>>> print(open('start_24.cif').read())   # mmCIF, C-alpha atoms
data_final
#
loop_
_atom_site.label_atom_id
_atom_site.label_comp_id
_atom_site.auth_asym_id
_atom_site.auth_seq_id
_atom_site.Cartn_x
_atom_site.Cartn_y
_atom_site.Cartn_z
CA MET A 10 12.98 24.23 60.43
CA THR A 11 16.18 22.21 60.50
CA ASP A 12 19.32 22.87 58.39
CA LYS A 13 19.71 19.12 57.88
CA LYS A 14 19.98 17.90 54.29
CA ILE A 15 17.94 14.98 52.97
CA ILE A 16 18.90 12.82 50.00
CA PHE A 17 16.35 10.58 48.24
CA PHE A 18 17.52 7.64 46.15
CA ASP A 19 15.57 5.67 43.59
CA ILE A 20 16.40 1.95 43.64
CA ASP A 21 16.44 0.27 40.21
CA GLY A 22 19.12 1.75 37.96
CA THR A 23 20.17 4.18 40.70
CA LEU A 24 21.12 2.40 43.93
CA LEU A 25 21.11 -1.01 42.22
CA ASP A 26 22.93 -1.65 38.96
CA HIS A 27 21.45 -3.45 35.95
CA ASP A 28 22.15 -6.83 37.58
CA LYS A 29 20.25 -5.63 40.71
CA LYS A 30 23.51 -5.50 42.67
CA LEU A 31 24.46 -2.76 45.11
CA PRO A 32 27.87 -1.31 44.13
CA GLN A 33 30.32 -1.25 47.04
CA SER A 34 31.08 2.41 46.34
CA THR A 35 27.39 3.25 46.76
CA LYS A 36 27.19 1.39 50.06
CA GLU A 37 30.22 3.27 51.39
CA ALA A 38 28.88 6.62 50.16
CA ILE A 39 25.60 6.19 52.01
CA LYS A 40 27.50 5.21 55.15
CA GLU A 41 29.41 8.50 54.83
CA LEU A 42 26.18 10.48 54.41
CA ASN A 43 24.73 8.90 57.53
CA LYS A 44 27.94 9.56 59.46
CA ALA A 45 27.84 13.23 58.40
CA GLY A 46 24.37 13.54 59.94
CA HIS A 47 22.41 13.83 56.72
CA GLU A 48 18.98 12.23 56.35
CA VAL A 49 18.97 9.44 53.76
CA ALA A 50 15.73 8.12 52.27
CA ILE A 51 14.47 5.96 49.43
CA ALA A 52 11.96 7.05 46.77
CA THR A 53 10.89 4.12 44.62
CA GLY A 54 8.09 2.60 42.60
CA ARG A 55 8.62 -0.65 44.50
CA ALA A 56 6.46 -1.97 47.31
CA PRO A 57 7.90 -1.67 50.85
CA PHE A 58 8.14 -5.48 51.14
CA MET A 59 10.32 -5.64 48.01
CA TYR A 60 13.34 -3.87 49.49
CA GLU A 61 13.42 -4.58 53.23
CA ASP A 62 16.86 -6.19 52.97
CA LEU A 63 18.25 -3.19 51.10
CA ARG A 64 16.95 -0.76 53.74
CA GLU A 65 18.50 -2.91 56.44
CA GLU A 66 21.83 -3.13 54.64
CA LEU A 67 22.02 0.64 54.11
CA GLY A 68 20.52 1.71 57.45
CA ILE A 69 17.70 3.62 55.76
CA TYR A 70 14.45 3.88 57.73
CA ASN A 71 12.45 6.52 55.86
CA PHE A 72 10.96 5.84 52.45
CA VAL A 73 8.59 6.95 49.74
CA SER A 74 7.11 3.83 48.16
CA TYR A 75 4.73 3.10 45.28
CA ASN A 76 5.84 6.22 43.41
CA GLY A 77 4.76 8.50 46.25
CA GLN A 78 1.51 6.84 47.29
CA TYR A 79 2.82 5.35 50.55
CA VAL A 80 5.28 7.13 52.86
CA GLU A 81 6.87 5.96 56.11
CA VAL A 82 8.99 7.90 58.59
CA ASP A 83 10.66 5.96 61.42
CA GLY A 84 8.30 3.00 60.99
CA GLU A 85 5.12 5.10 60.94
CA MET A 86 2.94 5.59 57.86
CA ILE A 87 2.56 9.36 57.46
CA TYR A 88 0.82 9.39 54.08
CA GLY A 89 -1.26 7.00 52.02
CA ASN A 90 -3.01 7.67 48.71
CA PRO A 91 -4.78 4.49 47.54
CA LEU A 92 -6.40 3.89 44.17
CA ASP A 93 -10.17 4.23 43.82
CA LYS A 94 -11.74 0.76 44.16
CA ASP A 95 -14.63 1.40 41.76
CA LYS A 96 -12.27 2.60 39.05
CA LEU A 97 -10.00 -0.39 39.72
CA GLU A 98 -12.95 -2.67 39.13
CA GLU A 99 -13.71 -0.89 35.87
CA ILE A 100 -10.16 -1.15 34.52
CA THR A 101 -9.98 -4.79 35.64
CA GLU A 102 -13.10 -5.68 33.64
CA LEU A 103 -11.95 -3.76 30.57
CA ALA A 104 -8.41 -5.17 30.67
CA ALA A 105 -9.78 -8.73 30.88
CA THR A 106 -11.42 -8.28 27.46
CA ASN A 107 -7.95 -7.55 26.02
CA ASP A 108 -6.11 -10.35 27.88
CA HIS A 109 -4.22 -7.71 29.88
CA PRO A 110 -3.70 -8.97 33.44
CA LEU A 111 -3.23 -6.79 36.52
CA VAL A 112 -1.29 -7.07 39.75
CA TYR A 113 -2.74 -5.20 42.75
CA MET A 114 -0.16 -3.91 45.21
CA GLY A 115 -1.05 -3.38 48.87
CA LYS A 116 1.08 -2.52 51.88
CA LYS A 117 2.18 -6.10 52.57
CA ALA A 118 1.51 -8.13 49.43
CA MET A 119 0.82 -8.09 45.70
CA LYS A 120 -1.84 -10.25 44.07
CA ALA A 121 -2.58 -11.01 40.43
CA ASN A 122 -6.07 -11.27 38.97
CA VAL A 123 -4.97 -14.27 36.87
CA GLU A 124 -3.27 -17.51 37.89
CA GLN A 125 -0.40 -17.13 35.43
CA HIS A 126 0.61 -14.89 32.54
CA ASP A 127 3.89 -14.76 30.62
CA HIS A 128 3.98 -10.95 30.73
CA ILE A 129 3.83 -10.99 34.53
CA ASP A 130 6.55 -13.62 34.75
CA GLU A 131 8.84 -11.80 32.34
CA SER A 132 8.55 -8.24 33.67
CA ILE A 133 8.50 -8.94 37.42
CA GLY A 134 11.28 -11.47 36.86
CA THR A 135 13.58 -8.60 35.82
CA LEU A 136 13.32 -7.12 39.33
CA LYS A 137 15.00 -10.23 40.78
CA VAL A 138 12.97 -10.13 44.00
CA GLU A 139 11.81 -13.05 46.11
CA ALA A 140 8.29 -11.64 46.37
CA PHE A 141 6.12 -12.74 43.47
CA PRO A 142 2.39 -12.12 43.05
CA THR A 143 0.04 -14.91 44.03
CA HIS A 144 -3.49 -15.26 42.64
CA ASP A 145 -6.34 -13.37 44.32
CA PRO A 146 -8.68 -11.52 41.94
CA ASP A 147 -10.60 -9.95 44.86
CA TYR A 148 -7.59 -8.58 46.73
CA PHE A 149 -8.27 -5.00 45.63
CA LYS A 150 -11.75 -5.13 47.19
CA MET A 151 -10.40 -5.94 50.65
CA GLU A 152 -7.17 -3.92 50.96
CA HIS A 153 -5.91 -0.43 50.20
CA ILE A 154 -4.16 -0.68 46.82
CA TYR A 155 -1.49 1.97 46.37
CA GLN A 156 -0.35 0.93 42.90
CA THR A 157 -1.45 -1.54 40.26
CA LEU A 158 0.59 -3.04 37.45
CA LEU A 159 -1.17 -3.29 34.10
CA PHE A 160 0.47 -5.63 31.61
CA CYS A 161 0.19 -4.31 28.08
CA GLU A 162 2.56 -3.20 25.35
CA HIS A 163 3.48 0.39 24.60
CA GLU A 164 1.06 0.91 21.72
CA GLU A 165 -1.82 -0.44 23.84
CA GLU A 166 -1.26 1.97 26.74
CA LYS A 167 -3.00 4.98 25.13
CA TYR A 168 -6.30 3.08 25.06
CA TYR A 169 -6.38 3.04 28.87
CA GLU A 170 -5.08 6.60 29.25
CA GLU A 171 -8.01 7.90 27.21
CA LYS A 172 -10.60 5.96 29.24
CA PHE A 173 -9.33 6.51 32.80
CA ASN A 174 -8.56 10.07 33.85
CA ALA A 175 -8.62 8.90 37.49
CA PHE A 176 -5.29 7.18 36.87
CA ASP A 177 -1.80 8.06 35.67
CA PHE A 178 0.10 5.43 33.70
CA ILE A 179 3.90 5.26 33.84
CA ARG A 180 5.81 2.64 31.88
CA TRP A 181 8.53 0.77 33.74
CA HIS A 182 8.95 -2.24 31.42
CA PRO A 183 8.18 -2.93 27.73
CA LEU A 184 5.32 -5.16 28.92
CA SER A 185 4.06 -3.26 31.97
CA VAL A 186 2.92 0.13 33.29
CA ASP A 187 2.43 1.41 36.83
CA VAL A 188 -1.13 2.56 37.45
CA LEU A 189 -1.25 5.42 40.00
CA PRO A 190 -3.89 7.82 41.29
CA ALA A 191 -4.01 10.82 38.93
CA GLY A 192 -1.47 13.43 40.03
CA GLY A 193 0.38 10.99 42.28
CA SER A 194 4.19 11.06 42.08
CA LYS A 195 7.37 10.62 44.07
CA ALA A 196 7.49 14.42 44.33
CA LYS A 197 4.21 14.44 46.30
CA GLY A 198 5.50 11.76 48.67
CA ILE A 199 8.74 13.68 49.18
CA GLU A 200 6.76 16.81 49.99
CA LYS A 201 4.91 14.93 52.75
CA MET A 202 8.14 13.57 54.24
CA ILE A 203 10.08 16.83 54.34
CA GLU A 204 7.05 18.51 55.88
CA LYS A 205 6.99 15.85 58.61
CA LEU A 206 10.75 16.12 59.23
CA GLY A 207 10.79 19.94 59.06
CA ILE A 208 13.44 20.06 56.33
CA ASN A 209 13.97 23.18 54.24
CA PRO A 210 13.04 22.49 50.58
CA GLU A 211 16.38 24.07 49.59
CA ASN A 212 18.14 21.16 51.34
CA VAL A 213 16.45 18.37 49.35
CA TYR A 214 18.46 16.21 46.92
CA ALA A 215 17.24 13.32 44.77
CA PHE A 216 18.87 10.76 42.48
CA GLY A 217 16.98 8.83 39.79
CA ASP A 218 16.99 7.38 36.29
CA GLY A 219 13.46 6.34 35.30
CA LEU A 220 10.40 7.96 33.77
CA ASN A 221 8.80 7.79 37.22
CA ASP A 222 11.61 10.05 38.51
CA ILE A 223 10.85 13.01 36.24
CA GLU A 224 8.56 14.89 38.67
CA MET A 225 10.89 14.17 41.58
CA LEU A 226 14.02 15.44 39.82
CA SER A 227 12.32 18.53 38.40
CA THR A 228 10.67 19.46 41.72
CA VAL A 229 13.44 19.11 44.33
CA ALA A 230 16.10 21.80 44.65
CA HIS A 231 18.90 19.43 43.63
CA GLY A 232 17.81 16.75 41.15
CA VAL A 233 20.55 14.40 39.90
CA ALA A 234 19.96 12.12 36.92
CA MET A 235 22.13 9.03 36.53
CA GLY A 236 24.18 8.66 33.34
CA ASN A 237 22.00 5.66 32.43
CA ALA A 238 18.76 7.67 32.82
CA HIS A 239 16.07 8.12 30.14
CA GLU A 240 16.62 11.23 28.03
CA GLU A 241 13.47 12.92 29.40
CA THR A 242 14.68 12.19 32.93
CA LYS A 243 18.06 13.77 32.21
CA GLU A 244 16.32 16.87 30.87
CA ALA A 245 14.29 17.17 34.09
CA ALA A 246 17.35 17.15 36.35
CA ARG A 247 19.62 19.97 37.43
CA TYR A 248 22.69 17.72 37.42
CA LEU A 249 23.82 14.76 35.32
CA SER A 250 26.02 12.13 36.95
CA LYS A 251 27.77 9.04 35.60
CA SER A 252 26.08 5.69 35.07
CA VAL A 253 25.18 3.48 38.05
CA ASP A 254 27.90 1.01 37.06
CA GLU A 255 30.51 3.79 36.85
CA ASP A 256 30.18 4.78 40.53
CA GLY A 257 27.48 7.25 39.52
CA ILE A 258 26.18 7.77 43.06
CA VAL A 259 29.60 8.74 44.40
CA HIS A 260 30.25 10.98 41.38
CA GLY A 261 26.89 12.73 41.81
CA LEU A 262 27.30 13.24 45.56
CA LYS A 263 30.69 14.85 44.96
CA MET A 264 29.21 17.01 42.20
CA VAL A 265 26.59 18.48 44.57
CA GLY A 266 29.10 18.91 47.41
CA LEU A 267 27.79 16.22 49.76
CA LEU A 268 30.95 14.09 49.55
CA LYS A 269 34.56 15.21 49.28
#
>>> encode(input="start_24.cif", output="structure tokens")
Amino acid sequence: MTDKKIIFFDIDGTLLDHDKKLPQSTKEAIKELNKAGHEVAIATGRAPFMYEDLREELGIYNFVSYNGQYVEVDGEMIYGNPLDKDKLEEITELAATNDHPLVYMGKKAMKANVEQHDHIDESIGTLKVEAFPTHDPDYFKMEHIYQTLLFCEHEEEKYYEEKFNAFDFIRWHPLSVDVLPAGGSKAKGIEKMIEKLGINPENVYAFGDGLNDIEMLSTVAHGVAMGNAHEETKEAARYLSKSVDEDGIVHGLKMVGLLK
């Protein structure tokens, strides 16, 4: 087992600020981590095709995507945990009766089961990505789907939670929740990666801010919540840094002794 340290970074609200910009201080900090010989990885709810440019810019080649359901190391998929197709069909049919659209997310694309819906436009628009779902209601029948987006409001979410114990639902936007295989999380994906790389669990660090970061920050040895994190996320972490727009990554890395 190697003595190398590995640091996982969430993207939205952690690496990227609220305008989806990468702070210069963050870019320089990651360059320093790489230069020091540490392993740097991403752990995000996003699809791999939604942050290729960011990985290229930061020189990061290992990632946990779809909240832990798809993991790559050095360009090779080492773990995949797709959603059950029969259950996806069930939730699709039920959601249609409530005018709640879905977006199915595969390895290379995301497809909506409706041609257009304001809730899809509004929530995915906040990510400021070029990729946008096109219409293909049968996509989930032909591809492995690692995550699905269900578009409903907060008070409507419980209805689905009670009917589908095969899924976990994690809200990422007032109009949308991530639908994951039950028990799936970034923490599980991280476990698979450190096993592959032979890294001691004591040498694992993670930075995050969202509700989908709770398991990750509470499981790794050194969990760092950003100053802009949800309250529950802060409670799950061992350390609390400054906000993303206050050089929070640099502050946190200094706090845990990875930067001077």
>>> resolve_selection(input="start_24.cif", expression="the PyMOL selection byres ((chain A and resi 192) around 12)", output="list of chain:residue names")
A:Asn76, A:Gly77, A:Gln78, A:Asn90, A:Leu92, A:Asn174, A:Ala175, A:Phe176, A:Asp177, A:Phe178, A:Ile179, A:Val188, A:Leu189, A:Pro190, A:Ala191, A:Gly193, A:Ser194, A:Lys195, A:Ala196, A:Lys197, A:Gly198, A:Glu224
>>> closest_residue(input="start_24.cif", among="A:Asp19, A:Leu31, A:Ile39, A:Gln125", to="A:Gly232", atoms="all atoms listed in the file")
A:Asp19
>>> atom_distance(input="start_24.cif", atom1="atom CA of A:Thr228", atom2="atom CA of A:Ile16")
13.4 Å
>>> residues_around(input="start_24.cif", residues="stretch 58-71 of chain A", least_positions_apart="5", cutoff="6 Å", atoms="all atoms listed in the file", output="tab-separated table (two decimals) with C-alpha atoms, in the frame of the given file")
chain	number	residue	atom	x	y	z
A	50	ALA	CA	15.73	8.12	52.27
A	81	GLU	CA	6.87	5.96	56.11
A	82	VAL	CA	8.99	7.90	58.59
A	83	ASP	CA	10.66	5.96	61.42
>>> closest_atom_pairs(input="start_24.cif", of="stretch 97-216 of chain A", to="stretch 244-262 of chain A", cutoff="12 Å", atoms="all atoms listed in the file", output="CSV")
residue,atom,partner,partner_atom,distance
A:Tyr214,CA,A:Leu262,CA,9.4
A:Ala215,CA,A:Ala246,CA,9.3
A:Phe216,CA,A:Ile258,CA,7.9
>>> resolve_selection(input="start_24.cif", expression="the PyMOL selection byres ((chain A and resi 110) around 12)", output="number ranges by chain")
A: 100-109, 111-113, 120-130, 142, 144, 146, 157-162, 184-186
>>> atom_distance(input="start_24.cif", atom1="atom CA of A:Lys14", atom2="atom CA of A:His239")
26.3 Å
>>> resolve_selection(input="start_24.cif", expression="the PyMOL selection byres ((chain A and resi 149) around 9)", output="ChimeraX atom specification")
/A:94,97-98,113-115,120,145-148,150-154
>>> build_atoms(input="start_24.cif", residues="stretch 198-217 of chain A", atoms="N, CA, C and O atoms", output="PDB file, in the coordinates of the input")
ATOM      1  N   GLY A 198       5.088  12.505  47.488  1.00  0.00           N
ATOM      2  CA  GLY A 198       5.500  11.760  48.670  1.00  0.00           C
ATOM      3  C   GLY A 198       6.651  12.435  49.391  1.00  0.00           C
ATOM      4  O   GLY A 198       6.690  12.500  50.626  1.00  0.00           O
ATOM      5  N   ILE A 199       7.601  12.959  48.613  1.00  0.00           N
ATOM      6  CA  ILE A 199       8.740  13.680  49.180  1.00  0.00           C
ATOM      7  C   ILE A 199       8.274  14.915  49.935  1.00  0.00           C
ATOM      8  O   ILE A 199       8.747  15.212  51.042  1.00  0.00           O
ATOM      9  N   GLU A 200       7.332  15.613  49.357  1.00  0.00           N
ATOM     10  CA  GLU A 200       6.760  16.810  49.990  1.00  0.00           C
ATOM     11  C   GLU A 200       6.206  16.477  51.379  1.00  0.00           C
ATOM     12  O   GLU A 200       6.423  17.210  52.347  1.00  0.00           O
ATOM     13  N   LYS A 201       5.488  15.351  51.464  1.00  0.00           N
ATOM     14  CA  LYS A 201       4.910  14.930  52.750  1.00  0.00           C
ATOM     15  C   LYS A 201       6.003  14.609  53.766  1.00  0.00           C
ATOM     16  O   LYS A 201       5.883  14.940  54.947  1.00  0.00           O
ATOM     17  N   MET A 202       7.079  13.960  53.301  1.00  0.00           N
ATOM     18  CA  MET A 202       8.140  13.570  54.240  1.00  0.00           C
ATOM     19  C   MET A 202       8.918  14.783  54.750  1.00  0.00           C
ATOM     20  O   MET A 202       9.186  14.877  55.954  1.00  0.00           O
ATOM     21  N   ILE A 203       9.274  15.698  53.867  1.00  0.00           N
ATOM     22  CA  ILE A 203      10.080  16.830  54.340  1.00  0.00           C
ATOM     23  C   ILE A 203       9.260  17.746  55.258  1.00  0.00           C
ATOM     24  O   ILE A 203       9.796  18.363  56.163  1.00  0.00           O
ATOM     25  N   GLU A 204       7.951  17.766  55.001  1.00  0.00           N
ATOM     26  CA  GLU A 204       7.050  18.510  55.880  1.00  0.00           C
ATOM     27  C   GLU A 204       7.072  17.902  57.288  1.00  0.00           C
ATOM     28  O   GLU A 204       7.186  18.599  58.287  1.00  0.00           O
ATOM     29  N   LYS A 205       6.987  16.577  57.338  1.00  0.00           N
ATOM     30  CA  LYS A 205       6.990  15.850  58.610  1.00  0.00           C
ATOM     31  C   LYS A 205       8.314  16.050  59.360  1.00  0.00           C
ATOM     32  O   LYS A 205       8.344  16.219  60.583  1.00  0.00           O
ATOM     33  N   LEU A 206       9.424  16.029  58.611  1.00  0.00           N
ATOM     34  CA  LEU A 206      10.750  16.120  59.230  1.00  0.00           C
ATOM     35  C   LEU A 206      11.198  17.569  59.436  1.00  0.00           C
ATOM     36  O   LEU A 206      12.233  17.812  60.057  1.00  0.00           O
ATOM     37  N   GLY A 207      10.440  18.527  58.898  1.00  0.00           N
ATOM     38  CA  GLY A 207      10.790  19.940  59.060  1.00  0.00           C
ATOM     39  C   GLY A 207      12.052  20.324  58.311  1.00  0.00           C
ATOM     40  O   GLY A 207      12.864  21.130  58.799  1.00  0.00           O
ATOM     41  N   ILE A 208      12.230  19.772  57.116  1.00  0.00           N
ATOM     42  CA  ILE A 208      13.440  20.060  56.330  1.00  0.00           C
ATOM     43  C   ILE A 208      13.148  21.157  55.304  1.00  0.00           C
ATOM     44  O   ILE A 208      12.123  21.142  54.627  1.00  0.00           O
ATOM     45  N   ASN A 209      14.074  22.090  55.207  1.00  0.00           N
ATOM     46  CA  ASN A 209      13.970  23.180  54.240  1.00  0.00           C
ATOM     47  C   ASN A 209      14.005  22.625  52.820  1.00  0.00           C
ATOM     48  O   ASN A 209      14.905  21.848  52.481  1.00  0.00           O
ATOM     49  N   PRO A 210      13.043  22.989  51.960  1.00  0.00           N
ATOM     50  CA  PRO A 210      13.040  22.490  50.580  1.00  0.00           C
ATOM     51  C   PRO A 210      14.361  22.735  49.831  1.00  0.00           C
ATOM     52  O   PRO A 210      14.706  21.990  48.906  1.00  0.00           O
ATOM     53  N   GLU A 211      15.095  23.778  50.237  1.00  0.00           N
ATOM     54  CA  GLU A 211      16.380  24.070  49.590  1.00  0.00           C
ATOM     55  C   GLU A 211      17.431  22.996  49.890  1.00  0.00           C
ATOM     56  O   GLU A 211      18.465  22.915  49.214  1.00  0.00           O
ATOM     57  N   ASN A 212      17.176  22.185  50.921  1.00  0.00           N
ATOM     58  CA  ASN A 212      18.140  21.160  51.340  1.00  0.00           C
ATOM     59  C   ASN A 212      17.736  19.756  50.892  1.00  0.00           C
ATOM     60  O   ASN A 212      18.133  18.763  51.499  1.00  0.00           O
ATOM     61  N   VAL A 213      16.929  19.673  49.824  1.00  0.00           N
ATOM     62  CA  VAL A 213      16.450  18.370  49.350  1.00  0.00           C
ATOM     63  C   VAL A 213      17.180  17.989  48.051  1.00  0.00           C
ATOM     64  O   VAL A 213      17.228  18.761  47.097  1.00  0.00           O
ATOM     65  N   TYR A 214      17.719  16.769  48.061  1.00  0.00           N
ATOM     66  CA  TYR A 214      18.460  16.210  46.920  1.00  0.00           C
ATOM     67  C   TYR A 214      17.774  14.909  46.506  1.00  0.00           C
ATOM     68  O   TYR A 214      17.227  14.199  47.349  1.00  0.00           O
ATOM     69  N   ALA A 215      17.821  14.588  45.219  1.00  0.00           N
ATOM     70  CA  ALA A 215      17.240  13.320  44.770  1.00  0.00           C
ATOM     71  C   ALA A 215      18.023  12.788  43.579  1.00  0.00           C
ATOM     72  O   ALA A 215      18.470  13.556  42.719  1.00  0.00           O
ATOM     73  N   PHE A 216      18.167  11.462  43.554  1.00  0.00           N
ATOM     74  CA  PHE A 216      18.870  10.760  42.480  1.00  0.00           C
ATOM     75  C   PHE A 216      17.891   9.780  41.813  1.00  0.00           C
ATOM     76  O   PHE A 216      17.202   9.031  42.511  1.00  0.00           O
ATOM     77  N   GLY A 217      17.866   9.763  40.476  1.00  0.00           N
ATOM     78  CA  GLY A 217      16.980   8.830  39.790  1.00  0.00           C
ATOM     79  C   GLY A 217      17.365   8.620  38.341  1.00  0.00           C
ATOM     80  O   GLY A 217      18.272   9.291  37.821  1.00  0.00           O
TER      81      GLY A 217
END
